[in-house]
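Colleague: Dropping a structure here in structure tokens format, bear with me for questions.
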Amino acid sequence: MKITKICCIGAGYVGGPTMAVIAKKNPNIKVTIVDINEERIAAWNDEDLSKLPIYEPGLAEIVAETRGKNLFFSTAIDETIKESEMIFISVNTPTKTYGKGKGMAADLKYVELCARNIAEVSTTDKIVVEKSTLPVRTAQAIKSILHNTGKDVKFEILSNPEFLAEGTAIQDLLNPDRVLIGGESGDAIESLANVYGSWVPQERILRTNVWSSELSKLTANAFLAQRISSINAISELCEHTEANVDEVAKAIGMDSRIGPKFLNASIGFGGSCFQKDILNLVYIARSYNLNAVADYWEQVIILNDHQKRRFSDNLISTLYNTVSGKKIAMLGWAFKKDTNDTRESAAIYVADHLLNEQANIAVYDPKVNNKKVQADLNYLNTRSEEENNDLVKSYSDPYETSKDAHAIAIMTEWDEFKTYDWEKIYNQMKKPAFIF
Ligand code: UDX
Ligand code: ADP
């Protein structure tokens, strides 16, 4: 099928940057991103590019170049589905917070709603592309909804997982290690391969069956997260011996079989993918009664929770076993640098733990505002919104944030933190001053 119009449902961290790059590289394809969230669409359409809902280096420039030409943001979901030959489903698939599989399985209600929406309004044949990370065999559910409409419309379902990392999304999209397309129909696969083919060399476009594609995404994230938990486990051992974890990471990373990437010891990985996808993998393994497999991967999460806890425990014990009434400055709230995304950020859990010990927390993040910080803490439901609001304050200046603080905790590796006048910061802190 020749693709002239693409619709992407979901204007988030995946849909936004991915479609912006597809539009830039395919000037002859009209790309429309739709979302039910009117505020988000309005922000994508804002004249002022600093107001885009997602911060990603290089994204605003591409939006400036393509928006209104062949890239559009809209809330007209039905009309856009109707006119498009290819529809990407790029909605959120959070971990379920209720019912069967609570805390483990992916919540597919948003994906299912999209499939039903497509089934209802389509009057011509469509290629439907799963872009969101989905549990293995989700395509089956989408297929079953789309193939039982009673209409004379043909749907092909493809799995095309996204491997971009936030903070480097545009670079990752422009120069991907590989593009993965899983499907049954060769024609549909080639239609999508052609879209990517405008800038990705064909040998980097991998074609597989749908299930391999879905499982590869979960597996890739599980392997990456496993490396972090592995090095984080070694970091604890280093703290009890005279070994230095950076030296160990460098020494093992130079073994070409291991490689140097993803060996930075940290306060624990965050982000919307790693934890969710591993929990999902564990849930799927358990549902097939593969308990040894499930336990193996679950350990990656257990170690990650341990690492976050260890960080706050260490902070508290260093401050003479009490942080009650003390000001703790947290620099960074996003789950990594160069993004305004805070999903599963270690900072949230560290703050929550310190708040249980009655600390006063001062937060500064270059891209995250107070509303988001409060929402993240309120989502945990550990204490009332009033208490969170009382105990946690956000600042727009790092020097204000750290003034009179007993300790500074660096939560995100923002580059700008290295450029501060640290002597000035030290001088205005309570003594003895600590940094973690
Ligand atoms: C990840 C995958 O990398 C990407 O391919 C997938 O599409 C989505 O999930 P993302 O979550 O955006 O991307 O960021 P990533 O760079 O992988 O970092 C995840 C977390 O791991 C961050 O909290 C980061 O700080 C942490 N991390 C990363 C470490 O603690 N140590 C490392 O060495 C690398
Ligand atoms: P991701 O990181 O996977 O891109 P986000 O949460 O950033 O996730 O984005 C997902 C977007 O999908 C949100 O903006 C949300 O409003 C949108 N969305 C969810 N369900 C639907 C739906 N049924 N129709 C349209 N948009 C939806």
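If you're wondering about the labels, chains in the structure tokens are A, B, ... by order shown, residues count from 1 in each chain, ligands from 1 in order shown.
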List the neighbours of stretch 368-374 of chain A out to 7 Å using only C-alpha atoms; skip same-chain residues closer than 3 positions along the sequence, and give me the result as a ChimeraX atom specification.
Modeller: /A:333-334,340,365,377-378,388-389,394
Colleague: Please identify all polymer residues within 7 Å of A:Asn209, counting only C-alpha atoms, omitting same-chain residues fewer than 6 positions from it, and present them as a VMD selection string.
Modeller: chain A and resid 182 to 184
Colleague: Emit the selected residues as a tab-separated table (two decimals), in the first residue's frame, including N, CA, C and O atoms.
Modeller:
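Ended up saving to out03.tsv:
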chain	number	residue	atom	x	y	z
A	182	GLY	N	7.56	-6.29	12.96
A	182	GLY	CA	7.01	-7.64	13.03
A	182	GLY	C	5.64	-7.66	12.36
A	182	GLY	O	4.84	-6.75	12.57
A	183	GLY	N	5.41	-8.67	11.54
A	183	GLY	CA	4.10	-8.73	10.89
A	183	GLY	C	3.88	-10.04	10.18
A	183	GLY	O	4.78	-10.89	10.11
A	184	GLU	N	2.66	-10.20	9.67
A	184	GLU	CA	2.32	-11.42	8.92
A	184	GLU	C	2.37	-11.15	7.44
A	184	GLU	O	2.79	-11.98	6.65
Colleague: From the list A:Lys2, A:Lys217, A:Lys96, A:Arg40, which residue is nearest A:Thr75 when using only C-alpha atoms?
Modeller: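 Among the listed residues, the smallest separation from A:Thr75 belongs to A:Arg40.
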Colleague: Between atom CA of A:Val248 and atom 2 (C, counted along the ligand's line) of ligand 1, what distance in Å does the model show, to one decimal?
Modeller: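 We find that atom CA of A:Val248 and atom 2 (C, counted along the ligand's line) of ligand 1 lie 23.2 Å from each other.
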Colleague: Give me, as a VMD selection string, the set of residues whose atoms come within 8 Å of any atom of ligand 2, counting only C-alpha atoms and all ligand atoms.
Modeller: chain A and resid 9 to 16 34 to 37 40 77 90 to 93 110 to 114 117 132 to 133 272
Colleague: Residues up to 6 Å from ligand 1, counting only C-alpha atoms and all ligand atoms: could you list those as a CSV table (one decimal) with all heavy atoms, in the first residue's frame?
Modeller:
chain,number,residue,atom,x,y,z
A,162,GLU,N,9.6,0.9,19.6
A,162,GLU,CA,10.5,2.0,19.6
A,162,GLU,C,11.6,1.8,20.5
A,162,GLU,O,11.4,1.4,21.7
A,162,GLU,CB,9.7,3.3,19.9
A,162,GLU,CG,10.5,4.5,19.7
A,162,GLU,CD,11.2,4.5,18.4
A,162,GLU,OE1,10.6,4.6,17.3
A,162,GLU,OE2,12.5,4.4,18.4
A,163,PHE,N,12.8,2.0,20.1
A,163,PHE,CA,14.0,1.8,21.0
A,163,PHE,C,14.7,3.1,21.4
A,163,PHE,O,15.7,3.1,22.0
A,163,PHE,CB,15.0,0.9,20.3
A,163,PHE,CG,14.5,-0.5,20.0
A,163,PHE,CD1,14.1,-1.0,18.8
A,163,PHE,CD2,14.5,-1.4,21.1
A,163,PHE,CE1,13.6,-2.3,18.6
A,163,PHE,CE2,14.0,-2.7,20.9
A,163,PHE,CZ,13.6,-3.1,19.7
A,164,LEU,N,14.0,4.2,21.1
A,164,LEU,CA,14.7,5.5,21.4
A,164,LEU,C,14.8,5.6,22.9
A,164,LEU,O,13.9,5.1,23.7
A,164,LEU,CB,13.9,6.7,20.8
A,164,LEU,CG,12.5,7.0,21.4
A,164,LEU,CD1,12.5,7.8,22.6
A,164,LEU,CD2,11.7,7.7,20.3
A,165,ALA,N,15.8,6.3,23.4
A,165,ALA,CA,15.9,6.6,24.8
A,165,ALA,C,15.7,8.1,25.0
A,165,ALA,O,16.0,8.9,24.1
A,165,ALA,CB,17.3,6.3,25.3
A,166,GLU,N,15.0,8.5,26.0
A,166,GLU,CA,14.6,9.9,26.2
A,166,GLU,C,15.9,10.7,26.5
A,166,GLU,O,16.9,10.1,27.0
A,166,GLU,CB,13.7,10.0,27.4
A,166,GLU,CG,12.3,9.6,27.0
A,166,GLU,CD,11.3,9.5,28.1
A,166,GLU,OE1,11.4,10.3,29.0
A,166,GLU,OE2,10.4,8.6,28.0
A,221,ASN,N,14.9,-4.2,26.8
A,221,ASN,CA,14.9,-3.4,28.0
A,221,ASN,C,15.3,-4.2,29.3
A,221,ASN,O,16.0,-3.7,30.1
A,221,ASN,CB,13.5,-2.8,28.2
A,221,ASN,CG,13.3,-1.5,27.4
A,221,ASN,OD1,14.3,-1.0,26.9
A,221,ASN,ND2,12.1,-1.1,27.2
A,228,ILE,N,22.5,-2.6,34.5
A,228,ILE,CA,22.5,-1.5,35.6
A,228,ILE,C,22.4,-2.2,37.0
A,228,ILE,O,23.2,-1.8,37.9
A,228,ILE,CB,21.4,-0.5,35.4
A,228,ILE,CG1,21.5,0.1,34.0
A,228,ILE,CG2,21.5,0.6,36.4
A,228,ILE,CD1,20.3,1.0,33.5
A,262,PHE,N,26.1,1.4,29.5
A,262,PHE,CA,25.2,1.0,30.5
A,262,PHE,C,25.9,0.3,31.7
A,262,PHE,O,25.3,-0.7,32.2
A,262,PHE,CB,24.1,0.1,29.9
A,262,PHE,CG,22.9,0.9,29.5
A,262,PHE,CD1,23.0,1.8,28.5
A,262,PHE,CD2,21.7,0.9,30.2
A,262,PHE,CE1,21.9,2.7,28.1
A,262,PHE,CE2,20.6,1.7,29.9
A,262,PHE,CZ,20.8,2.6,28.8
A,263,LEU,N,27.0,0.8,32.1
A,263,LEU,CA,27.7,0.3,33.2
A,263,LEU,C,27.9,1.4,34.3
A,263,LEU,O,28.8,1.3,35.1
A,263,LEU,CB,29.0,-0.4,32.8
A,263,LEU,CG,29.0,-1.7,32.1
A,263,LEU,CD1,30.4,-2.2,31.7
A,263,LEU,CD2,28.3,-2.8,33.0
A,264,ASN,N,27.1,2.4,34.2
A,264,ASN,CA,27.3,3.5,35.2
A,264,ASN,C,26.5,3.1,36.4
A,264,ASN,O,25.2,3.0,36.4
A,264,ASN,CB,26.7,4.8,34.7
A,264,ASN,CG,27.7,5.4,33.7
A,264,ASN,OD1,28.9,5.4,33.8
A,264,ASN,ND2,27.1,6.0,32.6
A,265,ALA,N,27.2,3.0,37.6
A,265,ALA,CA,26.5,2.7,38.8
A,265,ALA,C,25.6,4.0,39.1
A,265,ALA,O,26.0,5.1,38.8
A,265,ALA,CB,27.5,2.5,39.9
A,266,SER,N,24.5,3.8,39.7
A,266,SER,CA,23.5,4.9,39.9
A,266,SER,C,22.7,4.7,41.2
A,266,SER,O,22.9,3.7,41.9
A,266,SER,CB,22.6,5.0,38.7
A,266,SER,OG,21.9,3.8,38.6
A,268,GLY,N,19.8,3.9,41.0
A,268,GLY,CA,18.8,3.0,40.5
A,268,GLY,C,18.2,3.6,39.3
A,268,GLY,O,18.0,4.8,39.1
A,269,PHE,N,17.8,2.7,38.3
A,269,PHE,CA,17.3,3.2,37.1
A,269,PHE,C,15.8,3.6,37.3
A,269,PHE,O,15.1,3.1,38.2
A,269,PHE,CB,17.4,2.1,36.0
A,269,PHE,CG,16.7,0.8,36.3
A,269,PHE,CD1,15.3,0.6,36.3
A,269,PHE,CD2,17.5,-0.3,36.6
A,269,PHE,CE1,14.7,-0.6,36.5
A,269,PHE,CE2,16.9,-1.5,36.9
A,269,PHE,CZ,15.5,-1.7,36.8
A,270,GLY,N,15.4,4.6,36.5
A,270,GLY,CA,14.0,5.1,36.5
A,270,GLY,C,13.5,5.1,35.0
A,270,GLY,O,14.1,4.4,34.2
A,271,GLY,N,12.5,5.9,34.8
A,271,GLY,CA,11.9,5.9,33.4
A,271,GLY,C,10.7,5.1,33.3
A,271,GLY,O,10.4,4.2,34.1
A,272,SER,N,10.0,5.3,32.2
A,272,SER,CA,8.7,4.7,32.1
A,272,SER,C,8.8,3.2,31.6
A,272,SER,O,7.8,2.5,31.6
A,272,SER,CB,7.8,5.5,31.1
A,272,SER,OG,8.4,5.4,29.8
A,273,CYS,N,10.0,2.8,31.1
A,273,CYS,CA,10.1,1.5,30.5
A,273,CYS,C,10.6,0.4,31.3
A,273,CYS,O,10.0,-0.7,31.3
A,273,CYS,CB,10.9,1.7,29.2
A,273,CYS,SG,10.1,2.5,27.9
A,274,PHE,N,11.8,0.6,31.9
A,274,PHE,CA,12.5,-0.6,32.4
A,274,PHE,C,11.7,-1.4,33.4
A,274,PHE,O,11.5,-2.6,33.3
A,274,PHE,CB,13.9,-0.2,33.0
A,274,PHE,CG,14.9,0.2,32.0
A,274,PHE,CD1,16.2,0.7,32.4
A,274,PHE,CD2,14.7,-0.1,30.6
A,274,PHE,CE1,17.2,1.0,31.5
A,274,PHE,CE2,15.7,0.2,29.7
A,274,PHE,CZ,16.9,0.7,30.1
A,335,PHE,N,14.1,11.6,35.6
A,335,PHE,CA,14.7,10.3,35.8
A,335,PHE,C,16.1,10.2,35.1
A,335,PHE,O,16.8,9.3,35.4
A,335,PHE,CB,13.8,9.2,35.3
A,335,PHE,CG,13.8,8.9,33.8
A,335,PHE,CD1,14.6,7.9,33.3
A,335,PHE,CD2,13.0,9.6,33.0
A,335,PHE,CE1,14.6,7.6,32.0
A,335,PHE,CE2,13.0,9.4,31.6
A,335,PHE,CZ,13.8,8.3,31.1
A,336,LYS,N,16.4,11.1,34.2
A,336,LYS,CA,17.8,11.2,33.7
A,336,LYS,C,17.9,12.6,33.1
A,336,LYS,O,16.9,13.4,33.1
A,336,LYS,CB,18.0,10.2,32.6
A,336,LYS,CG,17.0,10.3,31.4
A,336,LYS,CD,17.1,9.2,30.4
A,336,LYS,CE,18.3,9.3,29.5
A,336,LYS,NZ,18.2,8.4,28.3
Colleague: Identify which of the residues A:Asn26, A:Tyr426, A:Asp125, A:Ser213 lies closest to A:Tyr196, counting only C-alpha atoms when measuring atom-to-atom distances.
Modeller: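 Looking only at the distances to A:Tyr196, the closest residue turns out to be A:Asn26.
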Colleague: DSSP says alpha helix (DSSP H) for which residues of stretch 45-144 of chain A? Put them as a PyMOL selection string?
Modeller: chain A and resi 59-66+77-83+109-121+138-144
Colleague: Please identify all polymer residues within 8 Å of A:Phe311, counting only C-alpha atoms, omitting same-chain residues fewer than 3 positions from it, and present them as an MDAnalysis selection string.
Modeller: chainID A and resid 267 307:308 314:315 350
Colleague: Run DSSP on the backbone and give me the residues of stretch 97-256 of chain A it puts in strand (DSSP E), as a compact mmCIF listing (two decimals) with all heavy atoms, in the first residue's frame.
Modeller:
# COMPACT_ATOMS: atom_id res chain seq x y z
N LYS A 126 -6.69 -0.45 6.39
CA LYS A 126 -5.68 0.25 7.21
C LYS A 126 -4.55 -0.70 7.61
O LYS A 126 -4.78 -1.89 7.81
CB LYS A 126 -6.29 0.73 8.54
CG LYS A 126 -7.59 1.50 8.45
CD LYS A 126 -7.35 2.94 8.03
CE LYS A 126 -8.67 3.70 7.96
NZ LYS A 126 -8.61 4.82 7.04
N ILE A 127 -3.39 -0.11 7.76
CA ILE A 127 -2.29 -0.81 8.42
C ILE A 127 -2.19 -0.21 9.82
O ILE A 127 -2.03 1.00 9.97
CB ILE A 127 -0.96 -0.62 7.66
CG1 ILE A 127 -1.08 -1.23 6.26
CG2 ILE A 127 0.20 -1.23 8.43
CD1 ILE A 127 0.11 -0.94 5.35
N VAL A 128 -2.33 -1.06 10.82
CA VAL A 128 -2.30 -0.59 12.21
C VAL A 128 -0.96 -1.01 12.83
O VAL A 128 -0.60 -2.19 12.80
CB VAL A 128 -3.48 -1.16 13.02
CG1 VAL A 128 -3.40 -0.72 14.48
CG2 VAL A 128 -4.80 -0.72 12.39
N VAL A 129 -0.23 -0.04 13.35
CA VAL A 129 1.11 -0.30 13.84
C VAL A 129 1.15 -0.15 15.36
O VAL A 129 0.85 0.93 15.87
CB VAL A 129 2.13 0.69 13.21
CG1 VAL A 129 3.55 0.33 13.63
CG2 VAL A 129 2.00 0.71 11.69
N GLU A 130 1.52 -1.19 16.07
CA GLU A 130 1.71 -1.08 17.53
C GLU A 130 3.06 -0.44 17.76
O GLU A 130 4.08 -1.01 17.40
CB GLU A 130 1.87 -2.42 18.24
CG GLU A 130 0.91 -3.49 18.09
CD GLU A 130 1.34 -4.73 18.92
OE1 GLU A 130 2.53 -4.96 19.24
OE2 GLU A 130 0.42 -5.46 19.22
N PHE A 155 -7.73 -4.99 7.83
CA PHE A 155 -6.72 -4.42 8.72
C PHE A 155 -5.50 -5.33 8.77
O PHE A 155 -5.64 -6.54 8.94
CB PHE A 155 -7.28 -4.30 10.14
CG PHE A 155 -8.42 -3.34 10.28
CD1 PHE A 155 -9.73 -3.82 10.31
CD2 PHE A 155 -8.20 -1.99 10.38
CE1 PHE A 155 -10.79 -2.94 10.44
CE2 PHE A 155 -9.26 -1.10 10.52
CZ PHE A 155 -10.56 -1.57 10.55
N GLU A 156 -4.32 -4.76 8.58
CA GLU A 156 -3.08 -5.51 8.81
C GLU A 156 -2.47 -4.95 10.09
O GLU A 156 -2.41 -3.73 10.27
CB GLU A 156 -2.10 -5.29 7.65
CG GLU A 156 -2.55 -5.85 6.33
CD GLU A 156 -2.59 -7.38 6.31
OE1 GLU A 156 -2.04 -7.99 7.26
OE2 GLU A 156 -3.16 -7.93 5.36
N ILE A 157 -1.98 -5.85 10.94
CA ILE A 157 -1.40 -5.38 12.20
C ILE A 157 0.10 -5.63 12.21
O ILE A 157 0.57 -6.73 11.93
CB ILE A 157 -2.06 -6.06 13.42
CG1 ILE A 157 -3.51 -5.59 13.51
CG2 ILE A 157 -1.38 -5.66 14.73
CD1 ILE A 157 -4.50 -6.59 13.21
N LEU A 158 0.85 -4.57 12.51
CA LEU A 158 2.31 -4.68 12.59
C LEU A 158 2.76 -4.30 14.00
O LEU A 158 2.14 -3.48 14.66
CB LEU A 158 2.98 -3.72 11.60
CG LEU A 158 2.68 -3.91 10.12
CD1 LEU A 158 3.37 -2.80 9.31
CD2 LEU A 158 3.16 -5.28 9.65
N SER A 159 3.86 -4.92 14.42
CA SER A 159 4.49 -4.50 15.67
C SER A 159 5.78 -3.77 15.28
O SER A 159 6.59 -4.29 14.52
CB SER A 159 4.80 -5.72 16.53
OG SER A 159 5.83 -5.42 17.45
N VAL A 179 15.73 -0.89 13.08
CA VAL A 179 14.29 -0.68 13.14
C VAL A 179 13.69 -2.07 13.06
O VAL A 179 14.10 -2.87 12.22
CB VAL A 179 13.81 0.19 11.96
CG1 VAL A 179 12.30 0.16 11.83
CG2 VAL A 179 14.30 1.63 12.12
N LEU A 180 12.77 -2.37 13.95
CA LEU A 180 12.21 -3.73 14.00
C LEU A 180 10.75 -3.69 13.55
O LEU A 180 9.96 -2.90 14.07
CB LEU A 180 12.33 -4.24 15.43
CG LEU A 180 11.84 -5.64 15.74
CD1 LEU A 180 12.52 -6.67 14.84
CD2 LEU A 180 12.12 -5.98 17.22
N ILE A 181 10.43 -4.51 12.58
CA ILE A 181 9.03 -4.58 12.11
C ILE A 181 8.58 -6.03 12.14
O ILE A 181 9.15 -6.89 11.47
CB ILE A 181 8.89 -4.04 10.67
CG1 ILE A 181 9.43 -2.60 10.58
CG2 ILE A 181 7.42 -4.08 10.23
CD1 ILE A 181 9.40 -2.01 9.17
N GLY A 182 7.56 -6.29 12.96
CA GLY A 182 7.01 -7.64 13.03
C GLY A 182 5.64 -7.66 12.36
O GLY A 182 4.84 -6.75 12.57
N ILE A 205 16.89 -2.51 8.78
CA ILE A 205 15.46 -2.71 9.02
C ILE A 205 15.21 -4.22 9.10
O ILE A 205 15.34 -4.94 8.11
CB ILE A 205 14.61 -2.06 7.91
CG1 ILE A 205 14.96 -0.57 7.83
CG2 ILE A 205 13.13 -2.26 8.20
CD1 ILE A 205 14.19 0.21 6.78
N LEU A 206 14.87 -4.65 10.29
CA LEU A 206 14.75 -6.08 10.57
C LEU A 206 13.29 -6.49 10.47
O LEU A 206 12.42 -5.84 11.07
CB LEU A 206 15.23 -6.27 12.01
CG LEU A 206 15.92 -7.54 12.38
CD1 LEU A 206 17.24 -7.63 11.62
CD2 LEU A 206 16.22 -7.51 13.90
N ARG A 207 13.02 -7.56 9.72
CA ARG A 207 11.64 -8.05 9.62
C ARG A 207 11.52 -9.37 10.39
O ARG A 207 12.33 -10.28 10.17
CB ARG A 207 11.26 -8.30 8.15
CG ARG A 207 11.04 -7.01 7.34
CD ARG A 207 12.15 -6.83 6.36
NE ARG A 207 11.87 -5.80 5.34
CZ ARG A 207 12.75 -4.89 4.95
NH1 ARG A 207 13.96 -4.83 5.49
NH2 ARG A 207 12.43 -4.02 4.00
N THR A 208 10.51 -9.47 11.26
CA THR A 208 10.31 -10.70 12.04
C THR A 208 8.82 -11.00 12.11
O THR A 208 8.00 -10.22 11.62
CB THR A 208 10.80 -10.53 13.50
OG1 THR A 208 9.96 -9.57 14.15
CG2 THR A 208 12.25 -10.09 13.59
Colleague: Contacts of A:Pro176 at 8 Å or less, counting only C-alpha atoms, minus same-chain residues fewer than 4 places along, as a ChimeraX atom specification?
Modeller: /A:164,171-172,200
Colleague: Those same residues, written as a PDB file, in the first residue's frame with N, CA and C atoms?
Modeller:
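Output below, filename result-v1.pdb:
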ATOM      1  N   LEU A 164      14.048   4.224  21.054  1.00  0.00           N
ATOM      2  CA  LEU A 164      14.688   5.490  21.414  1.00  0.00           C
ATOM      3  C   LEU A 164      14.789   5.626  22.930  1.00  0.00           C
ATOM      4  N   GLN A 171      18.447  11.927  18.114  1.00  0.00           N
ATOM      5  CA  GLN A 171      19.627  11.233  17.578  1.00  0.00           C
ATOM      6  C   GLN A 171      19.340   9.751  17.363  1.00  0.00           C
ATOM      7  N   ASP A 172      18.664   9.130  18.344  1.00  0.00           N
ATOM      8  CA  ASP A 172      18.348   7.698  18.240  1.00  0.00           C
ATOM      9  C   ASP A 172      17.428   7.432  17.039  1.00  0.00           C
ATOM     10  N   VAL A 200      16.691   5.297   6.800  1.00  0.00           N
ATOM     11  CA  VAL A 200      17.391   4.193   7.469  1.00  0.00           C
ATOM     12  C   VAL A 200      17.816   3.173   6.410  1.00  0.00           C
TER      13      VAL A 200
END
Colleague: Just the residues within 12 Å of A:Asp421, please, counting only C-alpha atoms, with nothing from its chain fewer than 6 positions along; format it as a ChimeraX atom specification.
Modeller: /A:398-399,402,427-428
Colleague: Write the residues of the preceding selection, restricted to N, CA and C atoms, as a tab-separated table (two decimals), in the first residue's frame.
Modeller:
chain	number	residue	atom	x	y	z
A	398	PRO	N	19.40	27.08	41.87
A	398	PRO	CA	20.09	26.06	42.67
A	398	PRO	C	20.70	26.63	43.96
A	399	TYR	N	21.07	27.92	43.93
A	399	TYR	CA	21.70	28.50	45.11
A	399	TYR	C	20.66	28.69	46.22
A	402	SER	N	19.88	25.31	47.84
A	402	SER	CA	20.85	24.70	48.75
A	402	SER	C	21.17	25.59	49.96
A	427	ASN	N	29.51	27.43	51.15
A	427	ASN	CA	29.55	28.47	52.16
A	427	ASN	C	28.19	28.81	52.76
A	428	GLN	N	27.14	28.62	51.98
A	428	GLN	CA	25.83	28.99	52.53
A	428	GLN	C	25.04	27.79	53.06
Colleague: Rounded to one decimal, what separation in Å do you get between atom CA of A:Thr97 and atom CA of A:Tyr379?
Modeller: 11.3 Å
Colleague: Of the candidates A:Pro135, A:Gly332, A:Gly58, A:Pro94, which shows the shortest atom-to-atom distance to A:Thr219, using only C-alpha atoms?
Modeller: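 Counting only C-alpha atoms, the residue closest to A:Thr219 is A:Pro135.
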Colleague: Could I get the residues of stretch 163-271 of chain A with an atom no further than 8 Å from an atom of stretch 290-305 of chain A, each paired with its nearest atom pair and that distance in Å to one decimal, using only C-alpha atoms, sorted by chain and residue number, as a tab-separated table?
Modeller:
residue	atom	partner	partner_atom	distance
A:Ala222	CA	A:Trp297	CA	7.5
A:Ala225	CA	A:Val300	CA	7.1
A:Gln226	CA	A:Val300	CA	5.6
A:Ser229	CA	A:Val300	CA	5.7
A:Ser230	CA	A:Val300	CA	7.9
A:Asn232	CA	A:Asn304	CA	7.9
A:Ala233	CA	A:Leu303	CA	7.1
A:Gly268	CA	A:Asn304	CA	5.2
A:Phe269	CA	A:Asn304	CA	6.8
Colleague: Find the spatial neighbours of stretch 28-30 of chain A, counting only C-alpha atoms, within a cut-off of 12 Å - ignore same-chain residues fewer than 3 positions away - and output them as a count of residues only.
Modeller: 33
Colleague: Please measure the separation of atom CA of A:Leu391 and atom CA of A:Thr95, giving the value in Å to one decimal.
Modeller: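 So the answer is 28.2 Å.
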